[in-house]
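Report on the following structure.
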Amino acid sequence: GSSCGSQPATTPRPKHGSEGACEEALALRDLMKRFVQDMIRGKQYAVVVENSRTEPCKLSLTPNLQYLQLEAAGVTHDIPLKNVKDICPGKLLDNRFTPIILDDLCDTLVLRNNECVTFRLDSIEERDDFTRCVKVLSLALD
């Protein structure tokens, strides 16, 4: 007979939330995949300009995942992801860098030279996804 020793059929699972973390990691991987695919094609965002006005812009990701390209008013700006120092969702507490008034739907990329680019997203959920994905991409290059 081919018995597999005295191993119980169901091994007890640890109950310290590692499953939740695993699901979260899978969800993030899914989110990243969609985000990267969308961004390589280029996606419409609203970029916040002076006086808190927004202008439509197209944000895309280079296929090598090294640069964000921001196309606004006919000009394309390259933003190397490795230059993204931080990404701040919502209102910035410290308004040193941003002369504009932000709301909860805003997401601000803070670059290493302390320049900022702020986008206004359609929902808090979209803002959080954007924050998470850009963080992951910029950390991957650190």
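Chains: A, B, ... in order of the structure tokens. Residues: from 1 per chain. Ligands: from 1, in order shown.
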
Could you build a table of the residues in range 80-119 of chain A lying no more than 12 Å from range 126-132 of chain A, giving for each the nearest pair of atoms and their separation in Å rounded to one decimal place, using only C-alpha atoms, ordered by chain and ascending residue number, as JSON lines?
```
{"residue": "A:Val84", "atom": "CA", "partner": "A:Thr131", "partner_atom": "CA", "distance": 11.6}
{"residue": "A:Asp86", "atom": "CA", "partner": "A:Thr131", "partner_atom": "CA", "distance": 9.5}
{"residue": "A:Ile87", "atom": "CA", "partner": "A:Thr131", "partner_atom": "CA", "distance": 6.4}
{"residue": "A:Cys88", "atom": "CA", "partner": "A:Thr131", "partner_atom": "CA", "distance": 7.5}
{"residue": "A:Pro89", "atom": "CA", "partner": "A:Thr131", "partner_atom": "CA", "distance": 6.7}
{"residue": "A:Gly90", "atom": "CA", "partner": "A:Arg127", "partner_atom": "CA", "distance": 8.4}
{"residue": "A:Lys91", "atom": "CA", "partner": "A:Arg127", "partner_atom": "CA", "distance": 12.0}
{"residue": "A:Asp103", "atom": "CA", "partner": "A:Arg127", "partner_atom": "CA", "distance": 11.4}
{"residue": "A:Asp104", "atom": "CA", "partner": "A:Arg127", "partner_atom": "CA", "distance": 8.8}
{"residue": "A:Leu105", "atom": "CA", "partner": "A:Arg127", "partner_atom": "CA", "distance": 6.3}
{"residue": "A:Cys106", "atom": "CA", "partner": "A:Arg127", "partner_atom": "CA", "distance": 7.1}
{"residue": "A:Asp107", "atom": "CA", "partner": "A:Arg127", "partner_atom": "CA", "distance": 6.5}
{"residue": "A:Thr108", "atom": "CA", "partner": "A:Thr131", "partner_atom": "CA", "distance": 8.8}
{"residue": "A:Leu109", "atom": "CA", "partner": "A:Thr131", "partner_atom": "CA", "distance": 8.9}
{"residue": "A:Val110", "atom": "CA", "partner": "A:Thr131", "partner_atom": "CA", "distance": 11.8}
{"residue": "A:Thr118", "atom": "CA", "partner": "A:Arg127", "partner_atom": "CA", "distance": 11.2}
{"residue": "A:Phe119", "atom": "CA", "partner": "A:Arg127", "partner_atom": "CA", "distance": 8.9}
```

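Residue nearest Thr62 in chain A, chosen from A:Met39, A:Val47, A:Val75, A:Ala25 and counting only C-alpha atoms: A:Met39.
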
Neighbour list for range 63-73 of chain A as a PyMOL selection string, cut-off 9 Å, only C-alpha atoms, skip fewer than 5 positions in-chain: chain A and resi 36+39-40+42+47+55-58+78-82+137-138+141

Can I get the selection written as a compact mmCIF listing (two decimals), in the first residue's frame, with all heavy atoms?
```
# COMPACT_ATOMS: atom_id res chain seq x y z
N VAL A 36 0.07 49.32 -14.41
CA VAL A 36 1.18 49.41 -15.35
C VAL A 36 0.68 49.32 -16.79
O VAL A 36 1.07 50.11 -17.65
CB VAL A 36 2.25 48.33 -15.04
CG1 VAL A 36 3.24 48.18 -16.19
CG2 VAL A 36 2.99 48.69 -13.76
N MET A 39 -1.05 52.55 -17.61
CA MET A 39 -0.13 53.68 -17.66
C MET A 39 0.77 53.63 -18.88
O MET A 39 1.14 54.66 -19.42
CB MET A 39 0.72 53.72 -16.39
CG MET A 39 -0.08 54.08 -15.15
SD MET A 39 -0.82 55.70 -15.24
CE MET A 39 0.60 56.70 -14.90
N ILE A 40 1.13 52.42 -19.32
CA ILE A 40 1.96 52.33 -20.52
C ILE A 40 1.17 52.83 -21.73
O ILE A 40 1.72 53.49 -22.61
CB ILE A 40 2.52 50.90 -20.71
CG1 ILE A 40 3.62 50.67 -19.66
CG2 ILE A 40 3.09 50.71 -22.12
CD1 ILE A 40 4.18 49.27 -19.64
N GLY A 42 -1.07 55.08 -21.38
CA GLY A 42 -1.31 56.50 -21.11
C GLY A 42 -2.71 56.69 -20.57
O GLY A 42 -3.67 56.09 -21.07
N VAL A 47 -4.26 67.51 -13.67
CA VAL A 47 -3.11 68.00 -12.93
C VAL A 47 -3.49 69.35 -12.34
O VAL A 47 -4.17 70.15 -12.98
CB VAL A 47 -1.83 68.07 -13.81
CG1 VAL A 47 -1.96 69.08 -14.93
CG2 VAL A 47 -0.60 68.36 -12.98
N GLU A 55 -5.94 71.08 -14.94
CA GLU A 55 -5.86 70.97 -16.39
C GLU A 55 -5.78 69.49 -16.73
O GLU A 55 -5.14 68.73 -16.00
CB GLU A 55 -4.59 71.67 -16.90
CG GLU A 55 -4.76 73.18 -17.00
CD GLU A 55 -3.49 73.85 -17.53
OE1 GLU A 55 -2.53 73.13 -17.89
OE2 GLU A 55 -3.47 75.08 -17.58
N PRO A 56 -6.42 69.12 -17.84
CA PRO A 56 -6.31 67.72 -18.23
C PRO A 56 -4.88 67.42 -18.66
O PRO A 56 -4.24 68.26 -19.28
CB PRO A 56 -7.28 67.60 -19.41
CG PRO A 56 -7.44 68.99 -19.92
CD PRO A 56 -7.22 69.91 -18.77
N CYS A 57 -4.39 66.27 -18.31
CA CYS A 57 -3.07 65.89 -18.78
C CYS A 57 -3.10 64.40 -19.06
O CYS A 57 -4.02 63.70 -18.65
CB CYS A 57 -2.01 66.20 -17.74
SG CYS A 57 -2.08 65.11 -16.30
N LYS A 58 -2.10 63.94 -19.76
CA LYS A 58 -1.98 62.51 -20.01
C LYS A 58 -0.72 62.06 -19.28
O LYS A 58 0.35 62.64 -19.46
CB LYS A 58 -1.85 62.25 -21.50
CG LYS A 58 -1.85 60.78 -21.84
CD LYS A 58 -1.78 60.62 -23.36
CE LYS A 58 -1.43 59.18 -23.70
NZ LYS A 58 -1.05 59.07 -25.12
N ASP A 78 9.38 64.59 -18.55
CA ASP A 78 9.83 63.28 -18.06
C ASP A 78 10.05 63.37 -16.56
O ASP A 78 10.78 64.24 -16.09
CB ASP A 78 11.17 62.89 -18.71
CG ASP A 78 10.95 62.28 -20.08
OD1 ASP A 78 9.82 61.86 -20.37
OD2 ASP A 78 11.92 62.23 -20.86
N ILE A 79 9.44 62.47 -15.83
CA ILE A 79 9.66 62.40 -14.39
C ILE A 79 10.29 61.05 -14.08
O ILE A 79 9.60 60.03 -14.08
CB ILE A 79 8.33 62.56 -13.61
CG1 ILE A 79 7.61 63.83 -14.02
CG2 ILE A 79 8.59 62.52 -12.10
CD1 ILE A 79 6.17 63.92 -13.50
N PRO A 80 11.61 61.02 -13.84
CA PRO A 80 12.22 59.73 -13.50
C PRO A 80 11.64 59.23 -12.18
O PRO A 80 11.59 59.97 -11.21
CB PRO A 80 13.71 60.08 -13.32
CG PRO A 80 13.89 61.43 -13.93
CD PRO A 80 12.57 62.12 -13.83
N LEU A 81 11.18 57.99 -12.19
CA LEU A 81 10.56 57.46 -10.97
C LEU A 81 11.54 57.42 -9.80
O LEU A 81 11.16 57.54 -8.66
CB LEU A 81 9.99 56.07 -11.23
CG LEU A 81 8.57 56.10 -11.78
CD1 LEU A 81 8.23 54.80 -12.47
CD2 LEU A 81 7.56 56.40 -10.69
N LYS A 82 12.83 57.30 -10.12
CA LYS A 82 13.80 57.26 -9.02
C LYS A 82 13.93 58.63 -8.35
O LYS A 82 14.50 58.74 -7.26
CB LYS A 82 15.15 56.73 -9.49
CG LYS A 82 15.86 57.58 -10.53
CD LYS A 82 17.23 56.95 -10.83
CE LYS A 82 18.10 57.89 -11.64
NZ LYS A 82 17.58 58.15 -12.99
N LEU A 137 6.36 51.39 -7.63
CA LEU A 137 7.23 51.59 -8.78
C LEU A 137 8.50 52.36 -8.41
O LEU A 137 9.59 52.02 -8.84
CB LEU A 137 6.49 52.34 -9.89
CG LEU A 137 5.43 51.54 -10.65
CD1 LEU A 137 4.62 52.46 -11.55
CD2 LEU A 137 6.05 50.42 -11.46
N SER A 138 8.35 53.41 -7.59
CA SER A 138 9.53 54.21 -7.27
C SER A 138 10.45 53.47 -6.30
O SER A 138 11.67 53.59 -6.38
CB SER A 138 9.12 55.58 -6.70
OG SER A 138 8.43 55.43 -5.48
N LEU A 141 12.91 51.00 -7.84
CA LEU A 141 14.11 51.55 -8.48
C LEU A 141 15.13 52.07 -7.48
O LEU A 141 16.20 52.50 -7.86
CB LEU A 141 13.71 52.71 -9.41
CG LEU A 141 12.82 52.34 -10.58
CD1 LEU A 141 12.41 53.57 -11.34
CD2 LEU A 141 13.54 51.38 -11.49
```

Those of chain A in DSSP strand (DSSP E), formatted as a PyMOL selection string: chain A and resi 43-48+54-61+67-72+75-80+84-89+106-111+116-120

Which of A:Ala140, A:Leu59, A:Cys116, A:Cys133 sits closest to Arg41 in chain A [using only C-alpha atoms]: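 Smallest separation from Arg41 in chain A among the options: A:Leu59.
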
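Between CA of Ile101 in chain A and CA of Asn51 in chain A there is a distance of 7.6 Å.
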
Please give the complete set of residues from chain A that DSSP, run on the backbone, assigns to helix (DSSP H, G or I), formatted as a PDB file with N, CA and C atoms, in the first residue's frame.
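states19.pdb was written with the following content:
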```pdb
ATOM      1  N   SER A  18      -1.400  35.891   8.363  1.00  0.00           N
ATOM      2  CA  SER A  18      -0.515  35.776   7.206  1.00  0.00           C
ATOM      3  C   SER A  18      -1.335  35.549   5.936  1.00  0.00           C
ATOM      4  N   GLU A  19      -2.516  34.970   6.116  1.00  0.00           N
ATOM      5  CA  GLU A  19      -3.398  34.755   4.970  1.00  0.00           C
ATOM      6  C   GLU A  19      -3.873  36.093   4.407  1.00  0.00           C
ATOM      7  N   GLY A  20      -4.281  36.964   5.329  1.00  0.00           N
ATOM      8  CA  GLY A  20      -4.718  38.296   4.913  1.00  0.00           C
ATOM      9  C   GLY A  20      -3.614  39.030   4.180  1.00  0.00           C
ATOM     10  N   ALA A  21      -2.401  38.897   4.697  1.00  0.00           N
ATOM     11  CA  ALA A  21      -1.266  39.573   4.074  1.00  0.00           C
ATOM     12  C   ALA A  21      -1.021  39.024   2.674  1.00  0.00           C
ATOM     13  N   CYS A  22      -1.214  37.722   2.548  1.00  0.00           N
ATOM     14  CA  CYS A  22      -1.006  37.071   1.262  1.00  0.00           C
ATOM     15  C   CYS A  22      -2.050  37.552   0.252  1.00  0.00           C
ATOM     16  N   GLU A  23      -3.305  37.615   0.701  1.00  0.00           N
ATOM     17  CA  GLU A  23      -4.373  38.100  -0.181  1.00  0.00           C
ATOM     18  C   GLU A  23      -4.090  39.535  -0.599  1.00  0.00           C
ATOM     19  N   GLU A  24      -3.607  40.323   0.377  1.00  0.00           N
ATOM     20  CA  GLU A  24      -3.299  41.711   0.096  1.00  0.00           C
ATOM     21  C   GLU A  24      -2.197  41.810  -0.945  1.00  0.00           C
ATOM     22  N   ALA A  25      -1.187  40.971  -0.801  1.00  0.00           N
ATOM     23  CA  ALA A  25      -0.071  40.967  -1.751  1.00  0.00           C
ATOM     24  C   ALA A  25      -0.565  40.607  -3.155  1.00  0.00           C
ATOM     25  N   LEU A  26      -1.474  39.620  -3.211  1.00  0.00           N
ATOM     26  CA  LEU A  26      -2.035  39.231  -4.503  1.00  0.00           C
ATOM     27  C   LEU A  26      -2.864  40.361  -5.100  1.00  0.00           C
ATOM     28  N   ALA A  27      -3.649  41.008  -4.246  1.00  0.00           N
ATOM     29  CA  ALA A  27      -4.476  42.123  -4.717  1.00  0.00           C
ATOM     30  C   ALA A  27      -3.586  43.243  -5.236  1.00  0.00           C
ATOM     31  N   LEU A  28      -2.492  43.493  -4.534  1.00  0.00           N
ATOM     32  CA  LEU A  28      -1.567  44.545  -4.951  1.00  0.00           C
ATOM     33  C   LEU A  28      -0.922  44.184  -6.281  1.00  0.00           C
ATOM     34  N   ARG A  29      -0.562  42.907  -6.408  1.00  0.00           N
ATOM     35  CA  ARG A  29       0.071  42.482  -7.663  1.00  0.00           C
ATOM     36  C   ARG A  29      -0.888  42.677  -8.833  1.00  0.00           C
ATOM     37  N   ASP A  30      -2.153  42.337  -8.599  1.00  0.00           N
ATOM     38  CA  ASP A  30      -3.202  42.535  -9.584  1.00  0.00           C
ATOM     39  C   ASP A  30      -3.353  44.002  -9.955  1.00  0.00           C
ATOM     40  N   LEU A  31      -3.435  44.800  -8.908  1.00  0.00           N
ATOM     41  CA  LEU A  31      -3.588  46.245  -9.070  1.00  0.00           C
ATOM     42  C   LEU A  31      -2.405  46.807  -9.857  1.00  0.00           C
ATOM     43  N   MET A  32      -1.200  46.378  -9.497  1.00  0.00           N
ATOM     44  CA  MET A  32       0.004  46.867 -10.172  1.00  0.00           C
ATOM     45  C   MET A  32      -0.016  46.501 -11.650  1.00  0.00           C
ATOM     46  N   LYS A  33      -0.442  45.270 -11.922  1.00  0.00           N
ATOM     47  CA  LYS A  33      -0.456  44.808 -13.312  1.00  0.00           C
ATOM     48  C   LYS A  33      -1.382  45.687 -14.147  1.00  0.00           C
ATOM     49  N   ARG A  34      -2.596  45.928 -13.585  1.00  0.00           N
ATOM     50  CA  ARG A  34      -3.566  46.778 -14.295  1.00  0.00           C
ATOM     51  C   ARG A  34      -3.036  48.197 -14.439  1.00  0.00           C
ATOM     52  N   PHE A  35      -2.476  48.707 -13.347  1.00  0.00           N
ATOM     53  CA  PHE A  35      -1.973  50.077 -13.338  1.00  0.00           C
ATOM     54  C   PHE A  35      -0.880  50.249 -14.400  1.00  0.00           C
ATOM     55  N   VAL A  36       0.067  49.323 -14.408  1.00  0.00           N
ATOM     56  CA  VAL A  36       1.183  49.409 -15.354  1.00  0.00           C
ATOM     57  C   VAL A  36       0.679  49.321 -16.792  1.00  0.00           C
ATOM     58  N   GLN A  37      -0.255  48.390 -17.045  1.00  0.00           N
ATOM     59  CA  GLN A  37      -0.801  48.274 -18.403  1.00  0.00           C
ATOM     60  C   GLN A  37      -1.503  49.561 -18.830  1.00  0.00           C
ATOM     61  N   ASP A  38      -2.339  50.094 -17.929  1.00  0.00           N
ATOM     62  CA  ASP A  38      -3.042  51.348 -18.224  1.00  0.00           C
ATOM     63  C   ASP A  38      -2.055  52.476 -18.471  1.00  0.00           C
ATOM     64  N   MET A  39      -1.049  52.547 -17.612  1.00  0.00           N
ATOM     65  CA  MET A  39      -0.133  53.675 -17.661  1.00  0.00           C
ATOM     66  C   MET A  39       0.769  53.625 -18.883  1.00  0.00           C
ATOM     67  N   ILE A  40       1.128  52.420 -19.321  1.00  0.00           N
ATOM     68  CA  ILE A  40       1.963  52.329 -20.524  1.00  0.00           C
ATOM     69  C   ILE A  40       1.175  52.829 -21.731  1.00  0.00           C
ATOM     70  N   ARG A  41      -0.125  52.573 -21.726  1.00  0.00           N
ATOM     71  CA  ARG A  41      -0.980  53.115 -22.795  1.00  0.00           C
ATOM     72  C   ARG A  41      -1.192  54.606 -22.627  1.00  0.00           C
ATOM     73  N   GLU A  50      -1.673  76.395 -10.815  1.00  0.00           N
ATOM     74  CA  GLU A  50      -1.835  77.491  -9.851  1.00  0.00           C
ATOM     75  C   GLU A  50      -3.299  77.874  -9.663  1.00  0.00           C
ATOM     76  N   ASN A  51      -3.583  78.473  -8.530  1.00  0.00           N
ATOM     77  CA  ASN A  51      -4.948  78.853  -8.137  1.00  0.00           C
ATOM     78  C   ASN A  51      -5.895  77.661  -8.041  1.00  0.00           C
ATOM     79  N   SER A  52      -5.314  76.503  -7.819  1.00  0.00           N
ATOM     80  CA  SER A  52      -6.097  75.274  -7.638  1.00  0.00           C
ATOM     81  C   SER A  52      -6.954  74.901  -8.840  1.00  0.00           C
ATOM     82  N   LEU A  81      11.177  57.987 -12.189  1.00  0.00           N
ATOM     83  CA  LEU A  81      10.564  57.457 -10.968  1.00  0.00           C
ATOM     84  C   LEU A  81      11.544  57.423  -9.803  1.00  0.00           C
ATOM     85  N   LYS A  82      12.834  57.297 -10.120  1.00  0.00           N
ATOM     86  CA  LYS A  82      13.799  57.258  -9.017  1.00  0.00           C
ATOM     87  C   LYS A  82      13.933  58.632  -8.348  1.00  0.00           C
ATOM     88  N   ASN A  83      13.402  59.672  -9.016  1.00  0.00           N
ATOM     89  CA  ASN A  83      13.418  61.010  -8.413  1.00  0.00           C
ATOM     90  C   ASN A  83      12.208  61.302  -7.551  1.00  0.00           C
ATOM     91  N   ILE A 124     -11.488  58.706  -3.676  1.00  0.00           N
ATOM     92  CA  ILE A 124     -10.485  58.384  -2.669  1.00  0.00           C
ATOM     93  C   ILE A 124      -9.832  57.042  -2.999  1.00  0.00           C
ATOM     94  N   GLU A 125     -10.659  56.112  -3.465  1.00  0.00           N
ATOM     95  CA  GLU A 125     -10.147  54.784  -3.793  1.00  0.00           C
ATOM     96  C   GLU A 125      -9.114  54.865  -4.919  1.00  0.00           C
ATOM     97  N   GLU A 126      -9.432  55.648  -5.948  1.00  0.00           N
ATOM     98  CA  GLU A 126      -8.510  55.803  -7.070  1.00  0.00           C
ATOM     99  C   GLU A 126      -7.229  56.485  -6.602  1.00  0.00           C
ATOM    100  N   ARG A 127      -7.404  57.460  -5.708  1.00  0.00           N
ATOM    101  CA  ARG A 127      -6.236  58.164  -5.171  1.00  0.00           C
ATOM    102  C   ARG A 127      -5.331  57.196  -4.408  1.00  0.00           C
ATOM    103  N   ASP A 128      -5.949  56.328  -3.592  1.00  0.00           N
ATOM    104  CA  ASP A 128      -5.160  55.382  -2.808  1.00  0.00           C
ATOM    105  C   ASP A 128      -4.440  54.369  -3.700  1.00  0.00           C
ATOM    106  N   ASP A 129      -5.134  53.917  -4.746  1.00  0.00           N
ATOM    107  CA  ASP A 129      -4.506  52.990  -5.691  1.00  0.00           C
ATOM    108  C   ASP A 129      -3.324  53.651  -6.384  1.00  0.00           C
ATOM    109  N   PHE A 130      -3.529  54.891  -6.805  1.00  0.00           N
ATOM    110  CA  PHE A 130      -2.483  55.645  -7.487  1.00  0.00           C
ATOM    111  C   PHE A 130      -1.268  55.790  -6.566  1.00  0.00           C
ATOM    112  N   THR A 131      -1.535  56.169  -5.308  1.00  0.00           N
ATOM    113  CA  THR A 131      -0.465  56.327  -4.323  1.00  0.00           C
ATOM    114  C   THR A 131       0.324  55.035  -4.177  1.00  0.00           C
ATOM    115  N   ARG A 132      -0.413  53.937  -3.986  1.00  0.00           N
ATOM    116  CA  ARG A 132       0.222  52.647  -3.747  1.00  0.00           C
ATOM    117  C   ARG A 132       1.090  52.229  -4.928  1.00  0.00           C
ATOM    118  N   CYS A 133       0.535  52.375  -6.132  1.00  0.00           N
ATOM    119  CA  CYS A 133       1.248  51.905  -7.329  1.00  0.00           C
ATOM    120  C   CYS A 133       2.495  52.733  -7.593  1.00  0.00           C
ATOM    121  N   VAL A 134       2.381  54.049  -7.472  1.00  0.00           N
ATOM    122  CA  VAL A 134       3.544  54.895  -7.732  1.00  0.00           C
ATOM    123  C   VAL A 134       4.628  54.621  -6.678  1.00  0.00           C
ATOM    124  N   LYS A 135       4.205  54.410  -5.439  1.00  0.00           N
ATOM    125  CA  LYS A 135       5.170  54.066  -4.370  1.00  0.00           C
ATOM    126  C   LYS A 135       5.920  52.794  -4.723  1.00  0.00           C
ATOM    127  N   VAL A 136       5.164  51.768  -5.116  1.00  0.00           N
ATOM    128  CA  VAL A 136       5.795  50.484  -5.439  1.00  0.00           C
ATOM    129  C   VAL A 136       6.776  50.659  -6.591  1.00  0.00           C
ATOM    130  N   LEU A 137       6.359  51.391  -7.627  1.00  0.00           N
ATOM    131  CA  LEU A 137       7.231  51.589  -8.783  1.00  0.00           C
ATOM    132  C   LEU A 137       8.495  52.359  -8.408  1.00  0.00           C
ATOM    133  N   SER A 138       8.346  53.411  -7.592  1.00  0.00           N
ATOM    134  CA  SER A 138       9.528  54.211  -7.271  1.00  0.00           C
ATOM    135  C   SER A 138      10.449  53.467  -6.301  1.00  0.00           C
ATOM    136  N   LEU A 139       9.857  52.658  -5.405  1.00  0.00           N
ATOM    137  CA  LEU A 139      10.691  51.874  -4.487  1.00  0.00           C
ATOM    138  C   LEU A 139      11.451  50.783  -5.221  1.00  0.00           C
ATOM    139  N   ALA A 140      10.835  50.274  -6.280  1.00  0.00           N
ATOM    140  CA  ALA A 140      11.482  49.205  -7.045  1.00  0.00           C
ATOM    141  C   ALA A 140      12.790  49.693  -7.667  1.00  0.00           C
TER     142      ALA A 140
END
```

Straight-line distance linking CA of Leu92 in chain A with CA of Thr76 in chain A, stated in Å to one decimal: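 Distance reported for this atom pair: 25.7 Å.
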
Pairwise distance for CA of Gln44 in chain A and CA of Arg112 in chain A, rounded to one decimal in Å: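 Atom-to-atom, CA of Gln44 in chain A and CA of Arg112 in chain A are spaced 24.5 Å apart.
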